[in-house]
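Enquirer: Next comes query17.cif, mmCIF, C-alpha atoms:
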data_data
loop_
_atom_site.group_PDB
_atom_site.id
_atom_site.type_symbol
_atom_site.label_atom_id
_atom_site.label_comp_id
_atom_site.auth_asym_id
_atom_site.auth_seq_id
_atom_site.Cartn_x
_atom_site.Cartn_y
_atom_site.Cartn_z
ATOM 1 C CA MET R 1 99.680 94.149 -4.756
ATOM 2 C CA ARG R 2 99.244 91.149 -7.053
ATOM 3 C CA ALA R 3 102.971 91.202 -7.855
ATOM 4 C CA ILE R 4 103.810 91.205 -4.167
ATOM 5 C CA PHE R 5 101.364 88.317 -3.584
ATOM 6 C CA LEU R 6 102.892 86.234 -6.385
ATOM 7 C CA ALA R 7 106.382 86.917 -5.079
ATOM 8 C CA LEU R 8 105.354 85.709 -1.646
ATOM 9 C CA VAL R 9 103.840 82.547 -3.139
ATOM 10 C CA ALA R 10 107.044 81.899 -5.060
ATOM 11 C CA LEU R 11 109.017 82.201 -1.848
ATOM 12 C CA LEU R 12 106.702 79.993 0.171
ATOM 13 C CA LEU R 13 106.017 77.235 -2.341
ATOM 14 C CA PRO R 14 109.500 75.622 -2.330
ATOM 15 C CA ALA R 15 109.394 75.424 1.466
ATOM 16 C CA GLU R 16 106.015 73.699 1.320
ATOM 17 C CA VAL R 17 107.223 71.207 -1.251
ATOM 18 C CA ALA R 18 110.430 70.540 0.705
ATOM 19 C CA ALA R 19 108.379 69.894 3.826
ATOM 20 C CA GLN R 20 106.706 66.832 2.254
ATOM 21 C CA SER R 21 108.088 63.318 2.536
ATOM 22 C CA ARG R 22 108.307 61.201 -0.620
ATOM 23 C CA LEU R 23 108.119 57.503 -1.373
ATOM 24 C CA GLU R 24 110.194 56.814 -4.482
ATOM 25 C CA GLY R 25 109.816 53.620 -6.504
ATOM 26 C CA PRO R 26 109.279 50.851 -7.089
ATOM 27 C CA PHE R 27 112.761 50.138 -8.394
ATOM 28 C CA GLU R 28 114.007 46.725 -9.500
ATOM 29 C CA LEU R 29 117.201 45.063 -8.365
ATOM 30 C CA HIS R 30 118.640 42.065 -10.235
ATOM 31 C CA SER R 31 120.965 40.283 -7.853
ATOM 32 C CA LYS R 32 124.246 38.677 -8.884
ATOM 33 C CA ILE R 33 124.348 36.909 -5.515
ATOM 34 C CA TYR R 34 120.967 35.330 -6.282
ATOM 35 C CA PRO R 35 121.183 34.893 -10.067
ATOM 36 C CA GLY R 36 117.895 34.755 -11.912
ATOM 37 C CA THR R 37 115.989 36.687 -9.263
ATOM 38 C CA VAL R 38 114.564 40.186 -9.198
ATOM 39 C CA ARG R 39 113.220 42.197 -6.267
ATOM 40 C CA ARG R 40 111.467 45.521 -5.855
ATOM 41 C CA TYR R 41 112.334 48.253 -3.407
ATOM 42 C CA TRP R 42 111.034 51.657 -2.446
ATOM 43 C CA VAL R 43 112.872 54.554 -0.794
ATOM 44 C CA TYR R 44 111.219 56.844 1.730
ATOM 45 C CA LEU R 45 112.741 60.335 1.894
ATOM 46 C CA PRO R 46 111.810 62.238 5.044
ATOM 47 C CA ALA R 47 110.414 65.739 4.862
ATOM 48 C CA GLY R 48 113.239 68.210 4.426
ATOM 49 C CA TYR R 49 115.700 65.514 3.337
ATOM 50 C CA ASP R 50 119.149 67.102 3.139
ATOM 51 C CA PRO R 51 122.004 65.071 1.620
ATOM 52 C CA ALA R 52 124.450 67.243 3.544
ATOM 53 C CA LYS R 53 122.956 65.807 6.745
ATOM 54 C CA PRO R 54 122.534 62.083 6.065
ATOM 55 C CA PRO R 55 119.493 60.797 7.970
ATOM 56 C CA ASN R 56 119.150 57.616 9.981
ATOM 57 C CA LEU R 57 118.386 54.449 8.023
ATOM 58 C CA LEU R 58 115.542 51.977 8.479
ATOM 59 C CA LEU R 59 115.633 48.932 6.191
ATOM 60 C CA PHE R 60 112.458 46.821 6.264
ATOM 61 C CA GLN R 61 111.910 43.410 4.663
ATOM 62 C CA ASP R 62 108.717 42.382 2.818
ATOM 63 C CA GLY R 63 108.609 45.944 1.580
ATOM 64 C CA GLN R 64 105.386 45.507 -0.360
ATOM 65 C CA ARG R 65 103.543 44.944 2.935
ATOM 66 C CA ALA R 66 105.521 47.481 4.952
ATOM 67 C CA ILE R 67 104.416 50.339 2.683
ATOM 68 C CA ASN R 68 100.863 49.108 2.075
ATOM 69 C CA PRO R 69 98.608 52.038 3.089
ATOM 70 C CA SER R 70 95.836 49.548 3.898
ATOM 71 C CA GLY R 71 98.107 47.184 5.856
ATOM 72 C CA SER R 72 98.939 46.866 9.523
ATOM 73 C CA LEU R 73 102.428 48.389 9.415
ATOM 74 C CA ARG R 74 102.145 51.513 7.221
ATOM 75 C CA VAL R 75 105.765 52.316 8.016
ATOM 76 C CA PRO R 76 106.047 55.508 5.897
ATOM 77 C CA ALA R 77 103.046 57.026 7.700
ATOM 78 C CA VAL R 78 104.549 56.084 11.078
ATOM 79 C CA LEU R 79 107.827 57.727 10.097
ATOM 80 C CA ASP R 80 105.969 60.850 8.948
ATOM 81 C CA THR R 81 104.230 61.168 12.315
ATOM 82 C CA LEU R 82 107.276 60.491 14.495
ATOM 83 C CA ILE R 83 109.627 62.732 12.522
ATOM 84 C CA ALA R 84 107.115 65.600 12.419
ATOM 85 C CA ALA R 85 106.646 65.296 16.183
ATOM 86 C CA LYS R 86 110.437 65.251 16.642
ATOM 87 C CA ALA R 87 110.078 61.936 18.439
ATOM 88 C CA ILE R 88 112.847 60.428 16.274
ATOM 89 C CA ALA R 89 115.527 61.863 14.033
ATOM 90 C CA ALA R 90 115.044 62.186 10.281
ATOM 91 C CA THR R 91 115.075 58.686 8.836
ATOM 92 C CA LEU R 92 115.446 57.367 5.317
ATOM 93 C CA GLY R 93 113.491 54.169 4.747
ATOM 94 C CA ILE R 94 114.231 51.325 2.365
ATOM 95 C CA PHE R 95 111.492 48.765 1.828
ATOM 96 C CA VAL R 96 112.562 45.704 -0.131
ATOM 97 C CA THR R 97 110.687 42.606 -1.269
ATOM 98 C CA PRO R 98 112.210 39.146 -1.363
ATOM 99 C CA GLY R 99 113.454 37.982 -4.722
ATOM 100 C CA ASN R 100 111.294 36.376 -7.386
ATOM 101 C CA ARG R 101 112.558 33.940 -10.027
ATOM 102 C CA SER R 102 111.712 35.985 -13.091
ATOM 103 C CA GLU R 103 113.137 38.604 -15.423
ATOM 104 C CA ARG R 104 110.727 41.265 -14.166
ATOM 105 C CA TYR R 105 108.970 41.471 -10.822
ATOM 106 C CA PRO R 106 105.349 40.343 -11.441
ATOM 107 C CA ASP R 107 102.788 43.126 -11.086
ATOM 108 C CA THR R 108 100.223 40.468 -10.198
ATOM 109 C CA LEU R 109 101.877 39.473 -6.914
ATOM 110 C CA GLY R 110 100.435 42.302 -4.871
ATOM 111 C CA MET R 111 100.939 41.494 -1.173
ATOM 112 C CA GLN R 112 101.802 37.849 -1.875
ATOM 113 C CA ASN R 113 105.245 36.449 -1.154
ATOM 114 C CA PRO R 114 107.646 36.187 -4.087
ATOM 115 C CA ASP R 115 108.844 32.651 -4.793
ATOM 116 C CA HIS R 116 112.429 33.008 -3.506
ATOM 117 C CA ARG R 117 111.556 34.239 -0.015
ATOM 118 C CA VAL R 118 112.395 31.106 1.989
ATOM 119 C CA GLN R 119 115.780 30.663 0.314
ATOM 120 C CA GLU R 120 116.720 34.241 1.210
ATOM 121 C CA TYR R 121 114.998 35.017 4.490
ATOM 122 C CA ASP R 122 115.153 31.699 6.339
ATOM 123 C CA ALA R 123 118.725 30.734 5.461
ATOM 124 C CA LEU R 124 121.465 31.376 8.004
ATOM 125 C CA SER R 125 124.188 31.879 5.393
ATOM 126 C CA ASP R 126 125.766 35.236 4.604
ATOM 127 C CA ALA R 127 124.204 35.428 1.138
ATOM 128 C CA TYR R 128 121.254 37.668 2.041
ATOM 129 C CA ALA R 129 123.502 39.970 4.046
ATOM 130 C CA ARG R 130 125.893 40.259 1.095
ATOM 131 C CA MET R 131 123.019 41.037 -1.256
ATOM 132 C CA THR R 132 121.865 43.719 1.186
ATOM 133 C CA LEU R 133 125.259 45.294 1.836
ATOM 134 C CA ASP R 134 126.925 44.835 -1.554
ATOM 135 C CA GLU R 135 124.000 45.338 -3.937
ATOM 136 C CA LEU R 136 120.928 46.944 -2.385
ATOM 137 C CA LEU R 137 122.489 49.631 -0.192
ATOM 138 C CA PRO R 138 124.967 50.753 -2.896
ATOM 139 C CA ALA R 139 122.086 51.043 -5.386
ATOM 140 C CA VAL R 140 120.251 53.366 -2.988
ATOM 141 C CA ALA R 141 123.415 55.239 -1.976
ATOM 142 C CA ALA R 142 124.088 56.071 -5.619
ATOM 143 C CA ARG R 143 121.137 58.492 -5.419
ATOM 144 C CA TRP R 144 120.562 59.271 -1.747
ATOM 145 C CA ARG R 145 122.776 59.574 1.309
ATOM 146 C CA PHE R 146 122.077 57.982 4.677
ATOM 147 C CA ALA R 147 123.928 57.315 7.927
ATOM 148 C CA THR R 148 126.914 54.978 7.987
ATOM 149 C CA ASP R 149 127.128 54.708 11.788
ATOM 150 C CA PRO R 150 125.554 51.340 12.729
ATOM 151 C CA ARG R 151 123.989 52.956 15.807
ATOM 152 C CA ARG R 152 121.940 55.077 13.408
ATOM 153 C CA ARG R 153 120.919 52.175 11.186
ATOM 154 C CA ALA R 154 118.094 49.740 11.951
ATOM 155 C CA ILE R 155 116.938 46.654 10.086
ATOM 156 C CA GLY R 156 113.606 44.989 10.670
ATOM 157 C CA GLY R 157 110.849 42.769 9.457
ATOM 158 C CA THR R 158 108.042 40.439 10.405
ATOM 159 C CA SER R 159 107.943 36.633 10.426
ATOM 160 C CA SER R 160 110.688 35.315 8.109
ATOM 161 C CA GLY R 161 111.535 38.941 7.340
ATOM 162 C CA ALA R 162 112.392 39.343 11.024
ATOM 163 C CA ILE R 163 114.861 36.463 11.095
ATOM 164 C CA ALA R 164 116.373 37.779 7.855
ATOM 165 C CA ALA R 165 116.881 41.151 9.546
ATOM 166 C CA PHE R 166 118.397 39.504 12.614
ATOM 167 C CA THR R 167 120.782 37.440 10.471
ATOM 168 C CA VAL R 168 122.080 40.527 8.651
ATOM 169 C CA ALA R 169 122.751 42.385 11.915
ATOM 170 C CA TRP R 170 124.101 39.292 13.722
ATOM 171 C CA ARG R 171 126.621 38.719 10.948
ATOM 172 C CA HIS R 172 127.344 42.406 10.329
ATOM 173 C CA PRO R 173 126.951 44.532 13.472
ATOM 174 C CA GLU R 174 129.380 46.954 11.852
ATOM 175 C CA ALA R 175 126.596 47.717 9.343
ATOM 176 C CA PHE R 176 123.436 47.582 11.482
ATOM 177 C CA GLY R 177 123.309 48.182 15.205
ATOM 178 C CA ASN R 178 119.539 47.877 15.690
ATOM 179 C CA VAL R 179 117.009 45.119 14.972
ATOM 180 C CA LEU R 180 113.192 45.215 14.944
ATOM 181 C CA SER R 181 111.807 41.675 15.072
ATOM 182 C CA PHE R 182 108.043 41.120 14.951
ATOM 183 C CA ILE R 183 106.632 37.539 15.073
ATOM 184 C CA GLY R 184 110.124 36.331 14.115
ATOM 185 C CA SER R 185 110.430 32.880 12.533
ATOM 186 C CA TYR R 186 113.237 31.527 14.722
ATOM 187 C CA THR R 187 112.125 28.036 13.754
ATOM 188 C CA SER R 188 113.296 25.222 11.492
ATOM 189 C CA ILE R 189 111.921 26.574 8.185
ATOM 190 C CA GLY R 190 115.455 26.706 6.756
ATOM 191 C CA LEU R 191 116.325 23.128 7.773
ATOM 192 C CA THR R 192 117.084 20.847 4.814
ATOM 193 C CA PHE R 193 118.541 17.359 4.624
ATOM 194 C CA GLY R 194 120.982 15.559 2.371
ATOM 195 C CA PRO R 195 120.259 12.164 0.760
ATOM 196 C CA ASP R 196 121.476 10.334 3.877
ATOM 197 C CA GLY R 197 119.270 12.360 6.204
ATOM 198 C CA THR R 198 122.098 14.500 7.539
ATOM 199 C CA PRO R 199 121.170 18.188 7.951
ATOM 200 C CA ARG R 200 122.439 20.133 4.958
ATOM 201 C CA THR R 201 121.308 23.572 6.080
ATOM 202 C CA TYR R 202 120.004 24.696 9.454
ATOM 203 C CA GLY R 203 117.036 26.792 10.477
ATOM 204 C CA GLY R 204 116.661 29.701 12.832
ATOM 205 C CA ASP R 205 115.874 27.423 15.761
ATOM 206 C CA ILE R 206 119.643 27.112 16.368
ATOM 207 C CA TYR R 207 120.005 30.836 17.076
ATOM 208 C CA PRO R 208 119.458 30.538 20.851
ATOM 209 C CA GLY R 209 122.423 28.149 21.048
ATOM 210 C CA LEU R 210 124.561 30.376 18.839
ATOM 211 C CA ILE R 211 123.728 33.416 20.962
ATOM 212 C CA ARG R 212 124.799 31.599 24.135
ATOM 213 C CA LYS R 213 128.056 30.276 22.669
ATOM 214 C CA ARG R 214 129.257 33.104 20.425
ATOM 215 C CA PRO R 215 130.652 36.533 21.393
ATOM 216 C CA ILE R 216 128.133 39.258 22.157
ATOM 217 C CA ARG R 217 127.447 41.635 19.314
ATOM 218 C CA PRO R 218 126.878 45.362 19.976
ATOM 219 C CA LEU R 219 123.190 45.171 19.037
ATOM 220 C CA ARG R 220 119.994 46.789 20.264
ATOM 221 C CA ILE R 221 117.186 44.289 19.625
ATOM 222 C CA PHE R 222 113.426 44.519 20.052
ATOM 223 C CA LEU R 223 111.392 41.292 19.971
ATOM 224 C CA GLN R 224 107.616 41.046 19.646
ATOM 225 C CA ASP R 225 105.500 37.950 19.386
ATOM 226 C CA GLY R 226 101.948 36.905 20.167
ATOM 227 C CA ARG R 227 100.872 34.096 22.456
ATOM 228 C CA GLY R 228 98.601 32.843 19.684
ATOM 229 C CA ASP R 229 101.376 32.544 17.100
ATOM 230 C CA LEU R 230 101.929 29.444 14.951
ATOM 231 C CA ASP R 231 102.662 25.940 16.186
ATOM 232 C CA ASN R 232 103.445 23.600 13.288
ATOM 233 C CA GLU R 233 106.058 21.264 11.817
ATOM 234 C CA HIS R 234 108.660 24.038 11.840
ATOM 235 C CA GLY R 235 108.264 24.836 15.524
ATOM 236 C CA ASN R 236 106.351 26.946 18.013
ATOM 237 C CA TRP R 237 106.846 30.631 17.218
ATOM 238 C CA PHE R 238 106.049 32.020 20.647
ATOM 239 C CA LEU R 239 108.345 29.563 22.422
ATOM 240 C CA ALA R 240 111.065 30.278 19.847
ATOM 241 C CA ASN R 241 110.884 34.009 20.507
ATOM 242 C CA GLN R 242 110.981 33.427 24.263
ATOM 243 C CA GLN R 243 114.083 31.287 23.731
ATOM 244 C CA MET R 244 115.668 34.146 21.804
ATOM 245 C CA LEU R 245 114.966 36.529 24.673
ATOM 246 C CA LYS R 246 116.266 34.121 27.314
ATOM 247 C CA SER R 247 119.455 33.483 25.343
ATOM 248 C CA LEU R 248 120.161 37.186 24.877
ATOM 249 C CA GLU R 249 119.552 37.817 28.584
ATOM 250 C CA TRP R 250 121.726 34.840 29.553
ATOM 251 C CA ALA R 251 124.586 36.044 27.342
ATOM 252 C CA ASN R 252 124.549 39.410 29.114
ATOM 253 C CA ALA R 253 124.338 37.856 32.594
ATOM 254 C CA HIS R 254 127.134 35.392 31.820
ATOM 255 C CA ALA R 255 129.395 38.176 30.534
ATOM 256 C CA ASP R 256 128.697 40.180 33.698
ATOM 257 C CA ALA R 257 129.402 37.193 35.941
ATOM 258 C CA GLU R 258 132.670 36.517 34.137
ATOM 259 C CA GLY R 259 133.713 40.159 34.407
ATOM 260 C CA GLN R 260 133.976 40.455 30.650
ATOM 261 C CA THR R 261 134.427 43.880 29.133
ATOM 262 C CA GLY R 262 132.860 44.865 25.856
ATOM 263 C CA ALA R 263 129.405 44.875 24.355
ATOM 264 C CA ARG R 264 126.128 43.795 25.885
ATOM 265 C CA TYR R 265 122.844 43.177 24.091
ATOM 266 C CA ASP R 266 120.375 46.021 24.603
ATOM 267 C CA ILE R 267 117.058 44.157 24.647
ATOM 268 C CA GLY R 268 113.443 45.204 24.538
ATOM 269 C CA PHE R 269 110.416 42.960 24.086
ATOM 270 C CA ARG R 270 106.637 42.896 24.082
ATOM 271 C CA TRP R 271 104.555 39.720 24.296
ATOM 272 C CA THR R 272 101.087 40.338 22.925
ATOM 273 C CA ALA R 273 97.871 38.334 22.620
ATOM 274 C CA GLY R 274 97.747 38.058 18.831
ATOM 275 C CA GLY R 275 98.641 35.406 16.310
ATOM 276 C CA HIS R 276 100.871 35.258 13.245
ATOM 277 C CA SER R 277 99.946 38.687 11.964
ATOM 278 C CA ASP R 278 101.573 42.068 11.434
ATOM 279 C CA ALA R 279 98.779 43.692 13.441
ATOM 280 C CA ASP R 280 100.387 43.694 16.888
ATOM 281 C CA GLY R 281 103.768 44.766 15.522
ATOM 282 C CA GLY R 282 102.123 47.580 13.602
ATOM 283 C CA ALA R 283 100.309 48.744 16.726
ATOM 284 C CA ILE R 284 103.530 49.104 18.721
ATOM 285 C CA LEU R 285 105.808 50.229 15.875
ATOM 286 C CA PRO R 286 105.856 53.917 16.949
ATOM 287 C CA ASP R 287 106.913 52.909 20.474
ATOM 288 C CA VAL R 288 109.546 50.538 19.129
ATOM 289 C CA LEU R 289 111.114 53.157 16.870
ATOM 290 C CA ARG R 290 111.217 55.633 19.749
ATOM 291 C CA TRP R 291 112.886 52.947 21.882
ATOM 292 C CA ILE R 292 115.411 52.040 19.185
ATOM 293 C CA TRP R 293 116.586 55.643 18.785
ATOM 294 C CA ARG R 294 115.812 56.856 22.295
ATOM 295 C CA ASP R 295 119.307 58.211 22.894
ATOM 296 C CA GLN R 296 119.524 60.236 19.684
ATOM 297 C CA PRO R 297 118.311 63.815 19.442
ATOM 298 C CA ALA R 298 115.600 64.350 16.869
ATOM 299 C CA SER R 299 117.830 66.939 15.201
ATOM 300 C CA SER R 300 120.701 64.507 14.546
ATOM 301 C CA GLY R 301 121.829 64.501 10.961
#
For this file, produce the structure as structure tokens.
Expert:
Amino acid sequence: MRAIFLALVALLLPAEVAAQSRLEGPFELHSKIYPGTVRRYWVYLPAGYDPAKPPNLLLFQDGQRAINPSGSLRVPAVLDTLIAAKAIAATLGIFVTPGNRSERYPDTLGMQNPDHRVQEYDALSDAYARMTLDELLPAVAARWRFATDPRRRAIGGTSSGAIAAFTVAWRHPEAFGNVLSFIGSYTSIGLTFGPDGTPRTYGGDIYPGLIRKRPIRPLRIFLQDGRGDLDNEHGNWFLANQQMLKSLEWANAHADAEGQTGARYDIGFRWTAGGHSDADGGAILPDVLRWIWRDQPASSG
């Protein structure tokens, strides 16, 4: 009888182990696009991860906060719950910090922002997108497979991490078809001036104008902000997010009125009562992920 029992345990144990999700990392990435910087990233592998069936992809900025088990977002735990309930398809998560100007990523930073965050997240250039697409994703893909269809790939973040996510998808809708933007910093943080006072770089406050005047991208976008968000020298966050929504809606309505064929923005939003905090975004994250992938069967792979 004992032999039979041990044989049964041997058969059952691999299934139990395979049924557990894993958070691998932290790993370090030294960027050639941002020389002299290093960033950390973690990879979430869903329960039952099967490389023969590449899962959806969720890439989240400020990864140190996104995975924090004591934080507001707790994205791996949210993924565990939704995937187990078959509310969303199996999803591989990548959680990446901004870069820090150092040889090694400082262990002492904790939840603090690394010192190269503004230059990466709040810039409207293609540099952060190129780092993401040409360095980060290939580093992960060397070990684990994930979806290549942009409709099955989402990028998100909070605050400046949200505008960084939007910039990557805006510039490269062929890579990411979905955006999660919580308390997005669509303000003038990235604005800098030359010696004569002429703007040298622009901030995210120009996005509403770009959205109205540039072709529609095939993007599904969810915006969240709180009525008590920041109001400072960079701008008013809540008004900026409302401008983003109005511009996306206007672009769709204008394309309809002109009889244009092609893509339309698929837009969701939630205005909450909170301030500049991850708390409200974390509270609605399960609903947002269900909304993002609402038209995909939970068994897709």
Enquirer: Using the chain letters and residue numbers of this document, give as number ranges by chain the residues selected by the PyMOL selection byres ((chain R and resi 176-191) around 7).
Expert: R: 122-123, 150-151, 153-160, 162-163, 165-166, 169, 172-175, 192-193, 199, 201-205, 218-226, 234-235, 237, 240-241, 276, 281, 292
Enquirer: Could you work out how far atom CA of R:Asp231 lies from atom CA of R:Met244, giving the answer in Å with one decimal?
Expert: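 Spanning atom CA of R:Met244 to atom CA of R:Asp231 is a straight-line distance of 16.4 Å.
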Enquirer: For the structure shown, which residues end up in the PyMOL selection byres ((chain R and resi 84) around 12)? Put them as a list in words, please?
Expert: Ala19, Gln20, Ser21, Pro46, Ala47, Gly48, Ala77, Val78, Leu79, Asp80, Thr81, Leu82, Ile83, Ala85, Lys86, Ala87, Ile88, Ala89, Ala90, Thr91, Ala298 and Ser299 of chain R
Enquirer: Using all atoms listed in the file, which residue out of R:Asp149, R:Arg171, R:Pro98, R:Thr261 lies closest to R:Val118?
Expert: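 Of the candidates, the smallest distance to R:Val118 is held by R:Pro98.
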Enquirer: Can you list what the PyMOL selection byres ((chain R and resi 213) around 12) grabs from this structure, as a PDB file with C-alpha atoms, in the frame of the given file?
Expert:
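Heads up, here's the output in out.pdb:
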ATOM      1  CA  ILE R 206     119.643  27.112  16.368  1.00  0.00           C
ATOM      2  CA  TYR R 207     120.005  30.836  17.076  1.00  0.00           C
ATOM      3  CA  PRO R 208     119.458  30.538  20.851  1.00  0.00           C
ATOM      4  CA  GLY R 209     122.423  28.149  21.048  1.00  0.00           C
ATOM      5  CA  LEU R 210     124.561  30.376  18.839  1.00  0.00           C
ATOM      6  CA  ILE R 211     123.728  33.416  20.962  1.00  0.00           C
ATOM      7  CA  ARG R 212     124.799  31.599  24.135  1.00  0.00           C
ATOM      8  CA  ARG R 214     129.257  33.104  20.425  1.00  0.00           C
ATOM      9  CA  PRO R 215     130.652  36.533  21.393  1.00  0.00           C
ATOM     10  CA  ILE R 216     128.133  39.258  22.157  1.00  0.00           C
ATOM     11  CA  ARG R 217     127.447  41.635  19.314  1.00  0.00           C
ATOM     12  CA  SER R 247     119.455  33.483  25.343  1.00  0.00           C
ATOM     13  CA  LEU R 248     120.161  37.186  24.877  1.00  0.00           C
ATOM     14  CA  TRP R 250     121.726  34.840  29.553  1.00  0.00           C
ATOM     15  CA  ALA R 251     124.586  36.044  27.342  1.00  0.00           C
ATOM     16  CA  ASN R 252     124.549  39.410  29.114  1.00  0.00           C
ATOM     17  CA  HIS R 254     127.134  35.392  31.820  1.00  0.00           C
ATOM     18  CA  ALA R 255     129.395  38.176  30.534  1.00  0.00           C
TER      19      ALA R 255
END
Enquirer: Name the closest residue to R:Gly274 among the candidates R:Val288, R:Ile33, R:Leu230, R:Ala147; distances are taken between atoms, counting only C-alpha atoms.
Expert: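 Nearest candidate to R:Gly274 out of R:Val288, R:Ile33, R:Leu230, R:Ala147: R:Leu230.
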Enquirer: Show me the residues close to (99.7, 35.6, 25.5) - anything with an atom within 6 Å, counting only C-alpha atoms - and format the list as an MDAnalysis selection string.
Expert: chainID R and resid 226:227 272:273
Enquirer: Please dump the current selection as a JSON list (two decimals), keeping the file's coordinate frame; keep C-alpha atoms.
Expert:
[["chain", "number", "residue", "atom", "x", "y", "z"],
["R", 226, "GLY", "CA", 101.95, 36.90, 20.17],
["R", 227, "ARG", "CA", 100.87, 34.10, 22.46],
["R", 272, "THR", "CA", 101.09, 40.34, 22.92],
["R", 273, "ALA", "CA", 97.87, 38.33, 22.62]]
Enquirer: Of the residues R:Ile94, R:Ala279, R:Leu285, R:Ala141, which is the one nearest to R:Gly71, using only C-alpha atoms?
Expert: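 Of R:Ile94, R:Ala279, R:Leu285, R:Ala141, the one nearest R:Gly71 is R:Ala279, counting only C-alpha atoms.
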Enquirer: Using 6 Å of padding on each side, determine the axis-aligned box around all atoms of stretch 259-273 of chain R present in the file and give its centre and edge lengths in Å to one decimal, as lines of an AutoDock Vina configuration file.
Expert:
center_x = 116.1
center_y = 42.2
center_z = 28.5
size_x = 48.6
size_y = 19.7
size_z = 23.8
Enquirer: What is the distance, in Å and to one decimal place, between atom CA of R:Gly25 and atom CA of R:Val43?
Expert: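 Between atom CA of R:Gly25 and atom CA of R:Val43 the gap works out to 6.5 Å.
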Enquirer: Using only C-alpha atoms for the distances, tell me which of R:Leu58, R:Leu45, R:Leu29, R:Met131 is nearest to R:Tyr105.
Expert: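 That would be R:Leu29, the residue with the smallest distance to R:Tyr105.
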Enquirer: What would stretch 88-99 of chain R look like with N, CA, C and O atoms in place, written as an mmCIF file, in the coordinates of the input?
Expert:
data_model
loop_
_atom_site.group_PDB
_atom_site.id
_atom_site.type_symbol
_atom_site.label_atom_id
_atom_site.label_comp_id
_atom_site.auth_asym_id
_atom_site.auth_seq_id
_atom_site.Cartn_x
_atom_site.Cartn_y
_atom_site.Cartn_z
ATOM 1 N N ILE R 88 111.642 61.094 16.763
ATOM 2 C CA ILE R 88 112.847 60.428 16.274
ATOM 3 C C ILE R 88 113.532 61.360 15.287
ATOM 4 O O ILE R 88 112.928 62.312 14.785
ATOM 5 N N ALA R 89 114.782 61.072 15.011
ATOM 6 C CA ALA R 89 115.527 61.863 14.033
ATOM 7 C C ALA R 89 115.039 61.548 12.623
ATOM 8 O O ALA R 89 114.388 60.524 12.372
ATOM 9 N N ALA R 90 115.361 62.433 11.694
ATOM 10 C CA ALA R 90 115.044 62.186 10.281
ATOM 11 C C ALA R 90 115.584 60.825 9.872
ATOM 12 O O ALA R 90 116.711 60.459 10.207
ATOM 13 N N THR R 91 114.746 60.071 9.169
ATOM 14 C CA THR R 91 115.075 58.686 8.836
ATOM 15 C C THR R 91 114.738 58.407 7.385
ATOM 16 O O THR R 91 113.619 58.694 6.932
ATOM 17 N N LEU R 92 115.685 57.846 6.673
ATOM 18 C CA LEU R 92 115.446 57.367 5.317
ATOM 19 C C LEU R 92 115.043 55.905 5.406
ATOM 20 O O LEU R 92 115.679 55.111 6.114
ATOM 21 N N GLY R 93 113.970 55.539 4.722
ATOM 22 C CA GLY R 93 113.491 54.169 4.747
ATOM 23 C C GLY R 93 113.741 53.456 3.443
ATOM 24 O O GLY R 93 113.590 54.046 2.368
ATOM 25 N N ILE R 94 114.139 52.197 3.531
ATOM 26 C CA ILE R 94 114.231 51.325 2.365
ATOM 27 C C ILE R 94 113.332 50.134 2.627
ATOM 28 O O ILE R 94 113.444 49.481 3.671
ATOM 29 N N PHE R 95 112.450 49.859 1.682
ATOM 30 C CA PHE R 95 111.492 48.765 1.828
ATOM 31 C C PHE R 95 111.684 47.821 0.645
ATOM 32 O O PHE R 95 111.430 48.198 -0.500
ATOM 33 N N VAL R 96 112.141 46.614 0.929
ATOM 34 C CA VAL R 96 112.562 45.704 -0.131
ATOM 35 C C VAL R 96 111.776 44.398 -0.060
ATOM 36 O O VAL R 96 111.527 43.863 1.022
ATOM 37 N N THR R 97 111.364 43.903 -1.219
ATOM 38 C CA THR R 97 110.687 42.606 -1.269
ATOM 39 C C THR R 97 111.731 41.492 -1.323
ATOM 40 O O THR R 97 112.891 41.727 -1.646
ATOM 41 N N PRO R 98 111.327 40.267 -1.031
ATOM 42 C CA PRO R 98 112.210 39.146 -1.363
ATOM 43 C C PRO R 98 112.349 39.027 -2.875
ATOM 44 O O PRO R 98 111.614 39.660 -3.643
ATOM 45 N N GLY R 99 113.263 38.189 -3.295
ATOM 46 C CA GLY R 99 113.454 37.982 -4.722
ATOM 47 C C GLY R 99 112.383 37.084 -5.321
ATOM 48 O O GLY R 99 111.750 36.281 -4.633
#
